[in-house]
$ cat data-v9.txt   # compact mmCIF, C-alpha atoms (C1' of nucleotides)
# COMPACT_ATOMS: atom_id res chain seq x y z
CA MET A 503 12.83 27.52 20.22
CA ASN A 504 10.22 25.25 18.91
CA ASP A 505 9.21 27.56 16.16
CA GLU A 506 12.26 27.50 14.03
CA LEU A 507 11.71 27.14 10.35
CA LEU A 508 13.01 24.02 8.70
CA THR A 509 14.19 23.61 5.17
CA ILE A 510 12.90 20.79 3.08
CA ARG A 511 15.94 18.65 3.80
CA GLN A 512 15.63 19.10 7.51
CA MET A 513 11.99 18.11 7.35
CA CYS A 514 12.88 15.05 5.35
CA GLU A 515 15.39 13.87 7.90
CA LYS A 516 13.14 14.64 10.81
CA PHE A 517 10.27 12.65 9.37
CA GLY A 518 11.97 10.14 7.13
CA VAL A 519 10.37 11.21 3.89
CA THR A 520 11.69 12.47 0.58
CA PRO A 521 11.48 16.00 -0.81
CA ARG A 522 9.22 14.69 -3.53
CA THR A 523 6.83 13.53 -0.88
CA LEU A 524 6.68 16.92 0.81
CA ARG A 525 6.08 18.73 -2.45
CA PHE A 526 3.48 16.20 -3.34
CA TYR A 527 1.70 16.72 -0.05
CA GLU A 528 1.82 20.43 -0.61
CA GLN A 529 0.26 20.05 -4.01
CA LYS A 530 -2.47 18.03 -2.36
CA GLU A 531 -2.94 20.87 0.12
CA LEU A 532 -1.86 18.90 3.12
CA LEU A 533 0.97 21.30 3.86
CA ALA A 534 1.44 24.99 3.21
CA PRO A 535 4.99 26.00 4.04
CA LEU A 536 6.16 29.60 3.91
CA ARG A 537 8.37 30.82 1.14
CA LYS A 538 11.57 32.75 1.38
CA GLY A 539 12.09 33.52 -2.24
CA GLN A 540 11.78 30.17 -3.88
CA THR A 541 12.64 28.13 -0.88
CA ARG A 542 10.07 26.41 1.25
CA LEU A 543 10.25 26.93 4.99
CA TYR A 544 8.26 24.62 7.19
CA THR A 545 6.68 26.00 10.34
CA ARG A 546 5.69 24.34 13.56
CA ARG A 547 2.21 24.10 12.10
CA ASP A 548 3.50 22.21 9.08
CA ARG A 549 5.33 19.83 11.35
CA ALA A 550 2.18 19.18 13.33
CA ARG A 551 0.21 18.59 10.17
CA LEU A 552 2.79 16.30 8.67
CA LYS A 553 2.81 14.28 11.86
CA LEU A 554 -0.94 13.86 11.55
CA VAL A 555 -0.60 12.94 7.90
CA LEU A 556 1.86 10.19 8.68
CA GLN A 557 -0.30 8.92 11.48
CA GLY A 558 -3.28 8.93 9.19
CA LYS A 559 -1.39 6.87 6.68
CA ARG A 560 -0.68 4.26 9.30
CA PHE A 561 -4.41 3.98 9.75
CA SER A 562 -4.83 3.53 6.01
CA PHE A 563 -6.58 6.79 5.50
CA THR A 564 -6.06 8.05 2.00
CA LEU A 565 -4.38 11.40 1.54
CA GLU A 566 -7.66 12.84 0.41
CA GLU A 567 -9.38 11.75 3.58
CA ILE A 568 -6.54 13.09 5.63
CA ARG A 569 -6.88 16.42 3.89
CA ARG A 570 -10.53 16.61 4.80
CA LEU A 571 -9.75 15.72 8.36
CA LEU A 572 -7.02 18.33 8.59
CA ASP A 573 -9.37 20.91 7.18
CA LEU A 574 -11.94 20.03 9.77
CA TYR A 575 -9.49 20.26 12.61
CA HIS A 576 -8.60 23.84 12.07
CA VAL A 577 -11.65 25.69 10.95
CA GLY A 578 -12.47 26.71 14.50
CA ASP A 579 -16.17 27.46 14.07
CA GLN A 580 -19.07 25.12 14.42
CA GLN A 581 -16.65 22.83 16.08
CA TYR A 582 -19.22 20.45 17.27
CA THR A 583 -20.72 19.09 14.07
CA GLN A 584 -17.43 19.08 12.31
CA TYR A 585 -15.55 17.40 15.05
CA LYS A 586 -18.31 14.89 15.23
CA ALA A 587 -17.96 14.17 11.52
CA THR A 588 -14.26 13.65 11.97
CA TYR A 589 -14.89 11.34 14.85
CA GLU A 590 -17.38 9.30 12.96
CA LEU A 591 -15.18 8.97 9.93
CA ALA A 592 -12.48 7.65 12.20
CA LEU A 593 -14.90 5.20 13.76
CA LYS A 594 -15.88 3.93 10.38
CA HIS A 595 -12.28 3.44 9.53
CA LEU A 596 -11.68 1.56 12.69
CA ALA A 597 -14.42 -0.84 11.72
CA GLU A 598 -12.79 -1.34 8.35
CA LEU A 599 -9.43 -1.94 9.90
CA GLU A 600 -10.90 -4.57 12.15
CA ALA A 601 -12.61 -6.25 9.24
CA GLN A 602 -9.31 -6.27 7.42
CA ARG A 603 -7.71 -7.85 10.39
CA ALA A 604 -10.31 -10.56 10.53
CA GLU A 605 -9.81 -11.40 6.87
CA LEU A 606 -6.10 -11.41 7.37
CA ASP A 607 -6.51 -13.81 10.24
CA ARG A 608 -8.49 -16.16 8.09
CA ALA A 609 -5.93 -16.00 5.34
CA ILE A 610 -3.15 -16.73 7.79
CA ALA A 611 -5.00 -19.66 9.29
CA ASP A 612 -5.71 -21.12 5.85
CA LEU A 613 -2.19 -20.64 4.66
CA LYS A 614 -0.86 -22.31 7.79
CA GLU A 615 -3.06 -25.27 7.13
CA GLN A 616 -1.80 -25.55 3.59
CA LEU A 617 1.72 -25.33 4.88
CA ALA A 618 1.18 -28.16 7.31
CA TRP A 619 0.03 -30.25 4.41
CA GLY A 620 2.99 -29.07 2.38
CA ALA A 621 5.41 -29.98 5.14
CA ARG A 622 4.15 -33.55 5.18
CA LYS A 623 4.47 -33.85 1.45
CA LEU A 624 7.91 -32.33 1.62
CA ALA A 625 9.04 -34.92 4.18
CA GLU A 626 7.73 -37.65 1.95
CA LEU A 627 9.56 -36.33 -1.07
CA GLU A 628 12.69 -36.07 0.98
CA ARG A 629 12.49 -39.74 1.90
CA LEU A 630 12.21 -40.68 -1.75
CA GLN A 631 15.09 -38.38 -2.55
CA ASN A 632 17.34 -40.01 0.01
CA ALA A 633 16.27 -43.50 -0.94
CA GLY A 634 17.19 -42.72 -4.53
CA ALA A 635 20.58 -41.34 -3.56
CA ALA A 636 21.34 -44.36 -1.40
CA GLU A 637 21.34 -46.96 -4.16
CA MET B 947 -18.49 -36.08 -15.69
CA ASN B 948 -16.05 -33.81 -14.05
CA ASP B 949 -14.18 -33.14 -17.21
CA GLU B 950 -16.70 -31.15 -19.12
CA LEU B 951 -15.49 -28.06 -20.85
CA LEU B 952 -16.85 -24.74 -19.67
CA THR B 953 -17.32 -21.59 -21.66
CA ILE B 954 -16.06 -18.32 -20.33
CA ARG B 955 -19.48 -17.38 -18.98
CA GLN B 956 -19.86 -20.61 -17.14
CA MET B 957 -16.46 -20.17 -15.60
CA CYS B 958 -17.35 -16.66 -14.55
CA GLU B 959 -20.46 -17.77 -12.77
CA LYS B 960 -18.77 -20.72 -11.15
CA PHE B 961 -15.99 -18.59 -9.71
CA GLY B 962 -17.55 -15.16 -9.46
CA VAL B 963 -15.19 -13.35 -11.77
CA THR B 964 -15.61 -11.39 -15.00
CA PRO B 965 -14.61 -12.45 -18.51
CA ARG B 966 -12.08 -9.67 -18.50
CA THR B 967 -10.44 -11.25 -15.51
CA LEU B 968 -10.16 -14.65 -17.15
CA ARG B 969 -8.67 -13.21 -20.30
CA PHE B 970 -6.32 -11.16 -18.22
CA TYR B 971 -5.18 -14.24 -16.33
CA GLU B 972 -4.67 -16.02 -19.60
CA GLN B 973 -2.54 -13.20 -20.88
CA LYS B 974 -0.50 -13.51 -17.71
CA GLU B 975 -0.14 -17.23 -18.40
CA LEU B 976 -2.08 -18.32 -15.37
CA LEU B 977 -4.61 -20.17 -17.49
CA ALA B 978 -4.41 -21.86 -20.86
CA PRO B 979 -7.88 -22.87 -22.02
CA LEU B 980 -8.46 -24.86 -25.17
CA ARG B 981 -9.83 -23.24 -28.27
CA LYS B 982 -12.68 -24.30 -30.40
CA GLY B 983 -12.35 -21.86 -33.22
CA GLN B 984 -12.23 -18.55 -31.45
CA THR B 985 -13.96 -19.64 -28.34
CA ARG B 986 -12.17 -20.50 -25.13
CA LEU B 987 -12.99 -23.77 -23.44
CA TYR B 988 -11.87 -24.27 -19.88
CA THR B 989 -10.79 -27.70 -18.77
CA ARG B 990 -10.70 -29.34 -15.38
CA ARG B 991 -7.08 -28.30 -15.18
CA ASP B 992 -8.00 -24.68 -15.77
CA ARG B 993 -10.56 -24.88 -13.03
CA ALA B 994 -8.02 -26.27 -10.63
CA ARG B 995 -5.54 -23.57 -11.54
CA LEU B 996 -8.07 -20.79 -11.22
CA LYS B 997 -9.01 -22.07 -7.82
CA LEU B 998 -5.39 -21.86 -6.77
CA VAL B 999 -5.10 -18.39 -8.24
CA LEU B 1000 -8.03 -17.15 -6.22
CA GLN B 1001 -6.67 -18.74 -3.10
CA GLY B 1002 -3.31 -17.18 -3.74
CA LYS B 1003 -4.91 -13.78 -4.02
CA ARG B 1004 -6.47 -14.19 -0.61
CA PHE B 1005 -2.97 -14.69 0.72
CA SER B 1006 -1.86 -11.51 -1.00
CA PHE B 1007 0.37 -13.22 -3.46
CA THR B 1008 0.72 -11.15 -6.59
CA LEU B 1009 -0.37 -12.71 -9.86
CA GLU B 1010 3.24 -12.95 -10.89
CA GLU B 1011 4.12 -14.92 -7.80
CA ILE B 1012 1.14 -17.14 -8.32
CA ARG B 1013 2.27 -17.83 -11.85
CA ARG B 1014 5.68 -18.93 -10.65
CA LEU B 1015 4.07 -21.17 -8.08
CA LEU B 1016 1.75 -22.74 -10.62
CA ASP B 1017 4.64 -23.35 -12.93
CA LEU B 1018 6.49 -25.11 -10.17
CA TYR B 1019 3.58 -27.30 -9.31
CA HIS B 1020 3.28 -28.97 -12.63
CA VAL B 1021 6.69 -29.50 -14.06
CA GLY B 1022 6.78 -32.99 -12.67
CA ASP B 1023 10.53 -33.55 -12.49
CA GLN B 1024 12.86 -32.72 -9.72
CA GLN B 1025 9.83 -32.38 -7.59
CA TYR B 1026 11.75 -32.14 -4.41
CA THR B 1027 13.74 -28.94 -4.90
CA GLN B 1028 10.91 -27.22 -6.66
CA TYR B 1029 8.32 -28.15 -4.16
CA LYS B 1030 10.66 -27.02 -1.48
CA ALA B 1031 11.05 -23.65 -3.18
CA THR B 1032 7.30 -23.30 -3.33
CA TYR B 1033 7.01 -24.20 0.28
CA GLU B 1034 9.60 -21.70 1.34
CA LEU B 1035 8.08 -18.90 -0.67
CA ALA B 1036 4.82 -19.60 1.08
CA LEU B 1037 6.55 -19.56 4.44
CA LYS B 1038 8.08 -16.21 3.66
CA HIS B 1039 4.70 -14.92 2.74
CA LEU B 1040 3.23 -16.17 5.92
CA ALA B 1041 5.84 -14.21 7.83
CA GLU B 1042 4.91 -11.09 5.89
CA LEU B 1043 1.25 -11.60 6.53
CA GLU B 1044 1.91 -11.91 10.22
CA ALA B 1045 4.02 -8.78 10.21
CA GLN B 1046 1.19 -6.99 8.45
CA ARG B 1047 -1.18 -8.19 11.06
CA ALA B 1048 1.04 -6.96 13.84
CA GLU B 1049 1.25 -3.52 12.26
CA LEU B 1050 -2.46 -3.51 11.76
CA ASP B 1051 -2.94 -4.36 15.40
CA ARG B 1052 -0.79 -1.46 16.43
CA ALA B 1053 -2.67 0.88 14.15
CA ILE B 1054 -5.97 -0.31 15.58
CA ALA B 1055 -4.77 0.12 19.14
CA ASP B 1056 -3.50 3.63 18.42
CA LEU B 1057 -6.61 4.65 16.62
CA LYS B 1058 -8.73 3.41 19.47
CA GLU B 1059 -6.75 5.50 21.87
CA GLN B 1060 -7.24 8.57 19.73
CA LEU B 1061 -10.90 7.83 19.57
CA ALA B 1062 -11.19 7.63 23.32
CA TRP B 1063 -9.64 11.06 23.50
CA GLY B 1064 -11.96 12.23 20.77
CA ALA B 1065 -14.99 10.92 22.55
CA ARG B 1066 -14.15 12.95 25.64
CA LYS B 1067 -13.66 16.08 23.62
CA LEU B 1068 -16.88 15.42 21.81
CA ALA B 1069 -18.79 15.13 25.07
CA GLU B 1070 -17.32 18.41 26.17
CA LEU B 1071 -18.29 20.16 22.98
CA GLU B 1072 -21.75 18.74 23.29
CA ARG B 1073 -22.13 20.25 26.74
CA LEU B 1074 -21.14 23.64 25.42
CA GLN B 1075 -23.52 23.22 22.54
CA ASN B 1076 -26.44 22.48 24.80
CA ALA B 1077 -25.53 25.23 27.21
CA GLY B 1078 -25.53 27.66 24.30
CA ALA B 1079 -28.89 26.45 23.06
CA ALA B 1080 -30.43 26.70 26.52
CA GLU B 1081 -30.06 30.44 26.89
C1' DA C 1491 33.54 35.43 -9.33
C1' DA C 1492 33.05 30.68 -9.95
C1' DG C 1493 31.64 26.30 -8.84
C1' DA C 1494 29.15 23.22 -5.97
C1' DA C 1495 25.13 22.26 -3.28
C1' DA C 1496 20.45 22.71 -2.63
C1' DG C 1497 16.24 24.22 -4.19
C1' DT C 1498 12.61 24.78 -7.77
C1' DT C 1499 8.83 23.40 -11.37
C1' DG C 1500 6.98 20.28 -14.82
C1' DA C 1501 6.09 16.26 -16.80
C1' DC C 1502 6.18 11.61 -17.64
C1' DG C 1503 6.88 6.72 -15.57
C1' DT C 1504 5.76 2.94 -12.33
C1' DT C 1505 2.96 -0.76 -10.21
C1' DT C 1506 -1.27 -3.96 -9.95
C1' DG C 1507 -5.50 -5.71 -11.49
C1' DC C 1508 -8.54 -5.30 -13.84
C1' DG C 1509 -12.84 -1.86 -16.16
C1' DT C 1510 -14.50 -0.04 -20.20
C1' DC C 1511 -15.19 0.95 -24.60
C1' DA C 1512 -14.72 -0.08 -29.85
C1' DA C 1513 -14.99 -2.77 -33.60
C1' DG C 1514 -15.07 -7.10 -35.54
C1' DT C 1515 -16.26 -12.46 -35.99
C1' DT C 1516 -19.06 -16.39 -35.26
C1' DC C 1517 -22.74 -18.98 -33.74
C1' DG C 1518 -27.26 -20.77 -33.03
C1' DA C 1519 -32.22 -19.62 -33.54
C1' DC C 1520 -36.01 -18.48 -36.03
C1' DG D 155 -30.82 -15.25 -44.43
C1' DT D 156 -30.67 -12.47 -40.98
C1' DC D 157 -30.97 -11.02 -36.23
C1' DG D 158 -29.15 -10.93 -31.90
C1' DA D 159 -26.27 -13.04 -28.31
C1' DA D 160 -21.96 -14.35 -27.09
C1' DC D 161 -17.39 -14.34 -28.13
C1' DT D 162 -13.08 -12.26 -29.74
C1' DT D 163 -8.81 -8.85 -29.83
C1' DG D 164 -6.81 -4.37 -28.97
C1' DA D 165 -6.24 -0.36 -26.77
C1' DC D 166 -6.81 3.07 -23.52
C1' DG D 167 -8.22 4.38 -18.60
C1' DC D 168 -7.89 4.38 -13.66
C1' DA D 169 -6.43 4.77 -8.81
C1' DA D 170 -2.54 6.00 -5.19
C1' DA D 171 1.59 7.72 -3.94
C1' DC D 172 5.11 8.87 -5.07
C1' DG D 173 10.02 8.03 -8.23
C1' DT D 174 12.75 9.87 -11.65
C1' DC D 175 14.51 12.65 -14.89
C1' DA D 176 15.36 17.35 -17.11
C1' DA D 177 16.33 21.88 -17.13
C1' DC D 178 16.71 25.92 -14.32
C1' DT D 179 17.47 29.33 -10.53
C1' DT D 180 19.32 30.42 -6.06
C1' DT D 181 22.32 30.28 -2.44
C1' DC D 182 26.48 29.10 0.09
C1' DT D 183 31.41 28.46 0.07
C1' DT D 184 35.73 29.37 -1.06
$ encode --input "data-v9.txt" --output "structure tokens"
Amino acid sequence: MNDELLTIRQMCEKFGVTPRTLRFYEQKELLAPLRKGQTRLYTRRDRARLKLVLQGKRFSFTLEEIRRLLDLYHVGDQQYTQYKATYELALKHLAELEAQRAELDRAIADLKEQLAWGARKLAELERLQNAGAAE
Amino acid sequence: MNDELLTIRQMCEKFGVTPRTLRFYEQKELLAPLRKGQTRLYTRRDRARLKLVLQGKRFSFTLEEIRRLLDLYHVGDQQYTQYKATYELALKHLAELEAQRAELDRAIADLKEQLAWGARKLAELERLQNAGAAE
DNA sequence: AAGAAAGTTGACGTTTGCGTCAAGTTCGAC
DNA sequence: GTCGAACTTGACGCAAACGTCAACTTTCTT
């Protein structure tokens, strides 16, 4: 029941992506749907992989990195070293994400400060504005 | 003393950017240095504007947005409405930055969870590895 | 059987912020 | 006067992740 084949449209709805995206991912070797004639048919495996791809994107992995990770996941042999590599890549990414967050925090703090300043100036201008209108 | 004119190189060193960047900004109408013959000469005003540009970039404003903001700052007339527009654009941006941060936080949390799972699996694989080597 | 709906490939376009030549001018130094 | 350093414009390149045609073929519906 869980291994029905989905057409490209069905995939798109299920995952909220466009056909172009799926074909693009296929070209990048992230997916490898079956073919019935011309038509692509997506298997349970493709769905699992696409799910991982979309997750990876949330973590700001590039598609190329995701491809390498997916390749690692399913080779089966020498699991240890390869899994470890995957794990460490993810760790590195985590560090980057946290650095990004820190920088973002700084930017937000600075911008807020500027805005406080701006709000005061704005109030001042508003007074002048009203004074002018009152004459 | 503060109104000396800087050459492009001096500007680059002062702000840590490349000549290409300064010319690019000029093309985008973010800067408007004087000319002495062919050579660009950057005024105090240019330095102030560049400083704002670089700040704006930290806040993830695009160069185009920054240009609009800079234009607003220096028109002089009808300060109130224009300053208000600037202020509100900045507020909007702040909201976006905070949304970004929230999403980033979620991504970090999720990735950490995955990593915890991964660490367990890794430990398991390591046991198998050692067991295999021990025979 | 005929038309519509869905699928296909291929190729070029978009966005942002510069990098990287290439080829030419100008300037001060010696 | 001539060399080299610094400056100039112009144009193309790049990276990522698709969007957007165009021109077909296939498949479903009636």
$ closest_residue --input "data-v9.txt" --among "B:Arg986, B:Lys1038, B:Lys974, B:Arg1073" --to "DA160 in chain D" --atoms "all atoms listed in the file"
B:Arg986
$ calpha_fit_and_write --input "data-v9.txt" --fixed "chain B" --moving "chain A" --output "tab-separated table (two decimals) with C-alpha atoms, in the frame of the given file"
chain	number	residue	atom	x	y	z
A	503	MET	CA	-18.99	-35.58	-15.40
A	504	ASN	CA	-16.43	-33.43	-13.81
A	505	ASP	CA	-14.60	-32.80	-16.99
A	506	GLU	CA	-17.10	-30.79	-18.87
A	507	LEU	CA	-15.81	-27.74	-20.61
A	508	LEU	CA	-17.07	-24.40	-19.43
A	509	THR	CA	-17.50	-21.27	-21.43
A	510	ILE	CA	-16.12	-18.03	-20.16
A	511	ARG	CA	-19.47	-16.97	-18.75
A	512	GLN	CA	-19.92	-20.18	-16.86
A	513	MET	CA	-16.47	-19.82	-15.38
A	514	CYS	CA	-17.25	-16.28	-14.35
A	515	GLU	CA	-20.37	-17.30	-12.50
A	516	LYS	CA	-18.73	-20.28	-10.90
A	517	PHE	CA	-15.86	-18.22	-9.55
A	518	GLY	CA	-17.31	-14.75	-9.28
A	519	VAL	CA	-14.94	-13.04	-11.65
A	520	THR	CA	-15.36	-11.09	-14.86
A	521	PRO	CA	-14.45	-12.19	-18.38
A	522	ARG	CA	-11.82	-9.49	-18.44
A	523	THR	CA	-10.21	-11.09	-15.46
A	524	LEU	CA	-10.04	-14.51	-17.09
A	525	ARG	CA	-8.55	-13.13	-20.27
A	526	PHE	CA	-6.12	-11.15	-18.24
A	527	TYR	CA	-5.05	-14.23	-16.33
A	528	GLU	CA	-4.62	-16.05	-19.58
A	529	GLN	CA	-2.42	-13.32	-20.92
A	530	LYS	CA	-0.36	-13.65	-17.77
A	531	GLU	CA	-0.11	-17.38	-18.44
A	532	LEU	CA	-2.03	-18.41	-15.39
A	533	LEU	CA	-4.66	-20.17	-17.46
A	534	ALA	CA	-4.56	-21.88	-20.82
A	535	PRO	CA	-8.07	-22.79	-21.92
A	536	LEU	CA	-8.76	-24.78	-25.06
A	537	ARG	CA	-10.17	-23.14	-28.12
A	538	LYS	CA	-13.10	-24.18	-30.20
A	539	GLY	CA	-12.74	-21.77	-33.03
A	540	GLN	CA	-12.46	-18.46	-31.30
A	541	THR	CA	-14.18	-19.47	-28.15
A	542	ARG	CA	-12.34	-20.34	-24.99
A	543	LEU	CA	-13.26	-23.57	-23.26
A	544	TYR	CA	-12.07	-24.07	-19.73
A	545	THR	CA	-11.06	-27.55	-18.61
A	546	ARG	CA	-10.99	-29.15	-15.22
A	547	ARG	CA	-7.33	-28.21	-15.11
A	548	ASP	CA	-8.14	-24.56	-15.68
A	549	ARG	CA	-10.68	-24.69	-12.91
A	550	ALA	CA	-8.13	-26.16	-10.54
A	551	ARG	CA	-5.60	-23.52	-11.49
A	552	LEU	CA	-8.04	-20.68	-11.15
A	553	LYS	CA	-8.98	-21.93	-7.71
A	554	LEU	CA	-5.32	-21.82	-6.74
A	555	VAL	CA	-4.97	-18.36	-8.22
A	556	LEU	CA	-7.84	-17.03	-6.17
A	557	GLN	CA	-6.49	-18.66	-3.06
A	558	GLY	CA	-3.11	-17.18	-3.74
A	559	LYS	CA	-4.63	-13.76	-4.02
A	560	ARG	CA	-6.18	-14.13	-0.61
A	561	PHE	CA	-2.70	-14.69	0.70
A	562	SER	CA	-1.53	-11.53	-1.04
A	563	PHE	CA	0.65	-13.32	-3.49
A	564	THR	CA	1.04	-11.30	-6.64
A	565	LEU	CA	-0.10	-12.82	-9.90
A	566	GLU	CA	3.48	-13.16	-10.95
A	567	GLU	CA	4.34	-15.14	-7.87
A	568	ILE	CA	1.30	-17.28	-8.35
A	569	ARG	CA	2.38	-18.00	-11.89
A	570	ARG	CA	5.75	-19.20	-10.70
A	571	LEU	CA	4.12	-21.36	-8.09
A	572	LEU	CA	1.72	-22.87	-10.60
A	573	ASP	CA	4.60	-23.59	-12.92
A	574	LEU	CA	6.43	-25.34	-10.15
A	575	TYR	CA	3.47	-27.45	-9.22
A	576	HIS	CA	3.13	-29.13	-12.52
A	577	VAL	CA	6.54	-29.71	-13.95
A	578	GLY	CA	6.69	-33.19	-12.49
A	579	ASP	CA	10.45	-33.70	-12.50
A	580	GLN	CA	12.92	-32.83	-9.83
A	581	GLN	CA	9.96	-32.47	-7.61
A	582	TYR	CA	11.92	-32.21	-4.48
A	583	THR	CA	13.91	-29.02	-4.96
A	584	GLN	CA	11.10	-27.30	-6.71
A	585	TYR	CA	8.49	-28.22	-4.21
A	586	LYS	CA	10.84	-27.10	-1.54
A	587	ALA	CA	11.22	-23.72	-3.22
A	588	THR	CA	7.48	-23.38	-3.37
A	589	TYR	CA	7.20	-24.27	0.26
A	590	GLU	CA	9.79	-21.80	1.30
A	591	LEU	CA	8.28	-19.00	-0.70
A	592	ALA	CA	5.02	-19.69	1.06
A	593	LEU	CA	6.75	-19.65	4.42
A	594	LYS	CA	8.28	-16.33	3.65
A	595	HIS	CA	4.92	-14.99	2.74
A	596	LEU	CA	3.44	-16.25	5.92
A	597	ALA	CA	6.03	-14.30	7.84
A	598	GLU	CA	5.13	-11.19	5.90
A	599	LEU	CA	1.46	-11.69	6.52
A	600	GLU	CA	2.10	-11.98	10.22
A	601	ALA	CA	4.20	-8.85	10.21
A	602	GLN	CA	1.39	-7.08	8.43
A	603	ARG	CA	-0.98	-8.27	11.04
A	604	ALA	CA	1.20	-6.98	13.82
A	605	GLU	CA	1.41	-3.55	12.23
A	606	LEU	CA	-2.30	-3.55	11.70
A	607	ASP	CA	-2.80	-4.37	15.34
A	608	ARG	CA	-0.68	-1.44	16.36
A	609	ALA	CA	-2.55	0.87	14.06
A	610	ILE	CA	-5.86	-0.31	15.45
A	611	ALA	CA	-4.72	0.12	19.02
A	612	ASP	CA	-3.46	3.64	18.31
A	613	LEU	CA	-6.56	4.64	16.46
A	614	LYS	CA	-8.71	3.35	19.30
A	615	GLU	CA	-6.78	5.46	21.71
A	616	GLN	CA	-7.27	8.53	19.58
A	617	LEU	CA	-10.93	7.74	19.38
A	618	ALA	CA	-11.26	7.53	23.13
A	619	TRP	CA	-9.75	10.96	23.33
A	620	GLY	CA	-12.05	12.13	20.56
A	621	ALA	CA	-15.10	10.77	22.35
A	622	ARG	CA	-14.29	12.81	25.44
A	623	LYS	CA	-13.83	15.94	23.42
A	624	LEU	CA	-17.03	15.23	21.57
A	625	ALA	CA	-18.97	14.93	24.84
A	626	GLU	CA	-17.53	18.22	25.96
A	627	LEU	CA	-18.50	19.96	22.76
A	628	GLU	CA	-21.95	18.51	23.06
A	629	ARG	CA	-22.38	20.03	26.51
A	630	LEU	CA	-21.42	23.43	25.17
A	631	GLN	CA	-23.78	22.94	22.27
A	632	ASN	CA	-26.70	22.16	24.54
A	633	ALA	CA	-25.86	24.94	26.94
A	634	GLY	CA	-25.89	27.37	24.03
A	635	ALA	CA	-29.22	26.11	22.77
A	636	ALA	CA	-30.77	26.35	26.22
A	637	GLU	CA	-30.47	30.10	26.64
$ closest_residue --input "data-v9.txt" --among "A:Val519, A:Ala534, A:Leu565, A:Val555" --to "DA171 in chain D" --atoms "only C-alpha atoms (C1' of nucleotides)"
A:Leu565
$ axis_aligned_box --input "data-v9.txt" --around "range 1499-1504 of chain C" --padding-each-side "4 Å" --output "lines of an AutoDock Vina configuration file"
center_x = 7.3
center_y = 13.2
center_z = -14.5
size_x = 11.1
size_y = 28.5
size_z = 14.3
$ interface_residues --input "data-v9.txt" --of "chain D" --to "chain A" --cutoff "12 Å" --atoms "all atoms listed in the file" --output "compact mmCIF listing (two decimals) with C-alpha atoms (C1' of nucleotides), in the coordinates of the input"
# COMPACT_ATOMS: atom_id res chain seq x y z
C1' DA D 169 -6.43 4.77 -8.81
C1' DA D 170 -2.54 6.00 -5.19
C1' DA D 171 1.59 7.72 -3.94
C1' DC D 172 5.11 8.87 -5.07
C1' DG D 173 10.02 8.03 -8.23
C1' DT D 174 12.75 9.87 -11.65
C1' DT D 179 17.47 29.33 -10.53
C1' DT D 180 19.32 30.42 -6.06
C1' DT D 181 22.32 30.28 -2.44
$ closest_residue --input "data-v9.txt" --among "A:Leu543, A:Leu571, A:Glu515, A:Arg622" --to "chain C" --atoms "only C-alpha atoms (C1' of nucleotides)"
A:Leu543
$ interface_residues --input "data-v9.txt" --of "chain C" --to "chain A" --cutoff "10 Å" --atoms "all atoms listed in the file" --output "short mmCIF file (atom, residue, chain, number, x, y, z; two decimals) with C-alpha atoms (C1' of nucleotides), keeping the file's coordinate frame"
data_model
loop_
_atom_site.label_atom_id
_atom_site.label_comp_id
_atom_site.auth_asym_id
_atom_site.auth_seq_id
_atom_site.Cartn_x
_atom_site.Cartn_y
_atom_site.Cartn_z
"C1'" DA C 1496 20.45 22.71 -2.63
"C1'" DG C 1497 16.24 24.22 -4.19
"C1'" DT C 1498 12.61 24.78 -7.77
#
$ interface_residues --input "data-v9.txt" --of "chain A" --to "chain B" --cutoff "9 Å" --atoms "only C-alpha atoms" --output "mmCIF file with C-alpha atoms, in the frame of the given file"
data_model
loop_
_atom_site.group_PDB
_atom_site.id
_atom_site.type_symbol
_atom_site.label_atom_id
_atom_site.label_comp_id
_atom_site.auth_asym_id
_atom_site.auth_seq_id
_atom_site.Cartn_x
_atom_site.Cartn_y
_atom_site.Cartn_z
ATOM 1 C CA GLN A 557 -0.300 8.920 11.480
ATOM 2 C CA ARG A 560 -0.680 4.260 9.300
ATOM 3 C CA PHE A 561 -4.410 3.980 9.750
ATOM 4 C CA SER A 562 -4.830 3.530 6.010
ATOM 5 C CA GLN A 581 -16.650 22.830 16.080
ATOM 6 C CA TYR A 582 -19.220 20.450 17.270
ATOM 7 C CA TYR A 585 -15.550 17.400 15.050
ATOM 8 C CA LYS A 586 -18.310 14.890 15.230
ATOM 9 C CA TYR A 589 -14.890 11.340 14.850
ATOM 10 C CA ALA A 592 -12.480 7.650 12.200
ATOM 11 C CA LEU A 593 -14.900 5.200 13.760
ATOM 12 C CA LEU A 596 -11.680 1.560 12.690
ATOM 13 C CA LEU A 599 -9.430 -1.940 9.900
ATOM 14 C CA GLU A 600 -10.900 -4.570 12.150
ATOM 15 C CA GLN A 602 -9.310 -6.270 7.420
ATOM 16 C CA ARG A 603 -7.710 -7.850 10.390
ATOM 17 C CA GLU A 605 -9.810 -11.400 6.870
ATOM 18 C CA LEU A 606 -6.100 -11.410 7.370
ATOM 19 C CA ASP A 607 -6.510 -13.810 10.240
ATOM 20 C CA ALA A 609 -5.930 -16.000 5.340
ATOM 21 C CA ILE A 610 -3.150 -16.730 7.790
ATOM 22 C CA ASP A 612 -5.710 -21.120 5.850
ATOM 23 C CA LEU A 613 -2.190 -20.640 4.660
ATOM 24 C CA LYS A 614 -0.860 -22.310 7.790
ATOM 25 C CA LEU A 617 1.720 -25.330 4.880
ATOM 26 C CA GLY A 620 2.990 -29.070 2.380
ATOM 27 C CA ALA A 621 5.410 -29.980 5.140
ATOM 28 C CA LYS A 623 4.470 -33.850 1.450
ATOM 29 C CA LEU A 624 7.910 -32.330 1.620
ATOM 30 C CA LEU A 627 9.560 -36.330 -1.070
ATOM 31 C CA GLU A 628 12.690 -36.070 0.980
ATOM 32 C CA LEU A 630 12.210 -40.680 -1.750
ATOM 33 C CA GLN A 631 15.090 -38.380 -2.550
#
